[in-house]
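> Let me begin by handing over the structure; questions about it come next.
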Amino acid sequence: FITFPVPPIVDKERLLIDLGGIVFPTPANKGAFAPNEQSDLTHLATAIHHRLAGFITNDQAMLTAAPALKK
C-alpha cells in the first residue's frame with residue numbers, strides 16, 4: 001500500500017483543531033482528545049493535507065460527521 005507522511009506539525013495541529021470540532025464536538029474535548037481520537041484525526045488530517053479522494057473508516061463519529069467534512 002502507498003503511505004503518505006503526516007502533515008508538518010503546524011498544519012497538522014491546525015487541522016486537528018478544526019477537524020476535532022467537527023468530528024468530536026463534545027464540550028469536554030476542547031482540543032484535548034483521547035489517544036484514539038487523536039489518531040483518527042491525524043489520519044483524517046493526513047488525507048486532507050494530501051488532497052486524497054477519500055478516507056475509509058468505520059469510526060461512527062467520523063461517519064456521522066462525513067457530510068460536514070465533505071463541505
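In the C-alpha cells, chains take the letters A, B, ... in the order shown, each chain's residues start at 1, and ligands count up from 1 in the order shown.
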List the neighbours of region 53-55 of chain A out to 9 Å using only C-alpha atoms; skip same-chain residues closer than 6 positions along the sequence, and give me the result as an NGL selection string.
:A and (43-44 or 47)
> Applying 12 Å and only C-alpha atoms, which residues near Phe24 (chain A) remain after dropping the ones on its own chain fewer than 2 positions away? List them as an NGL selection string.
:A and (16-22 or 26-34 or 36-38 or 40-41 or 59-66 or 69)
> At what distance in Å, to one decimal, does CA of Ile2 (chain A) lie from CA of Ile48 (chain A)?
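CA of Ile2 (chain A) lies 15.5 Å from CA of Ile48 (chain A).
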> When you count only C-alpha atoms, which of these residues is closest to Pro25 (chain A): A:Phe4, A:Ala68, A:Thr57, A:Glu13?
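So, comparing all the options, the nearest one is A:Ala68.
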> One decimal, Å: what's the distance from CA of Ser39 (chain A) over to CA of Lys70 (chain A), could you say?
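One can read the CA of Ser39 (chain A) to CA of Lys70 (chain A) distance as 19.7 Å.
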> Please run DSSP on the backbone and report, as an NGL selection string, all residues within chain A that come out as alpha helix (DSSP H).
:A and (9-23 or 35-49 or 60-70)
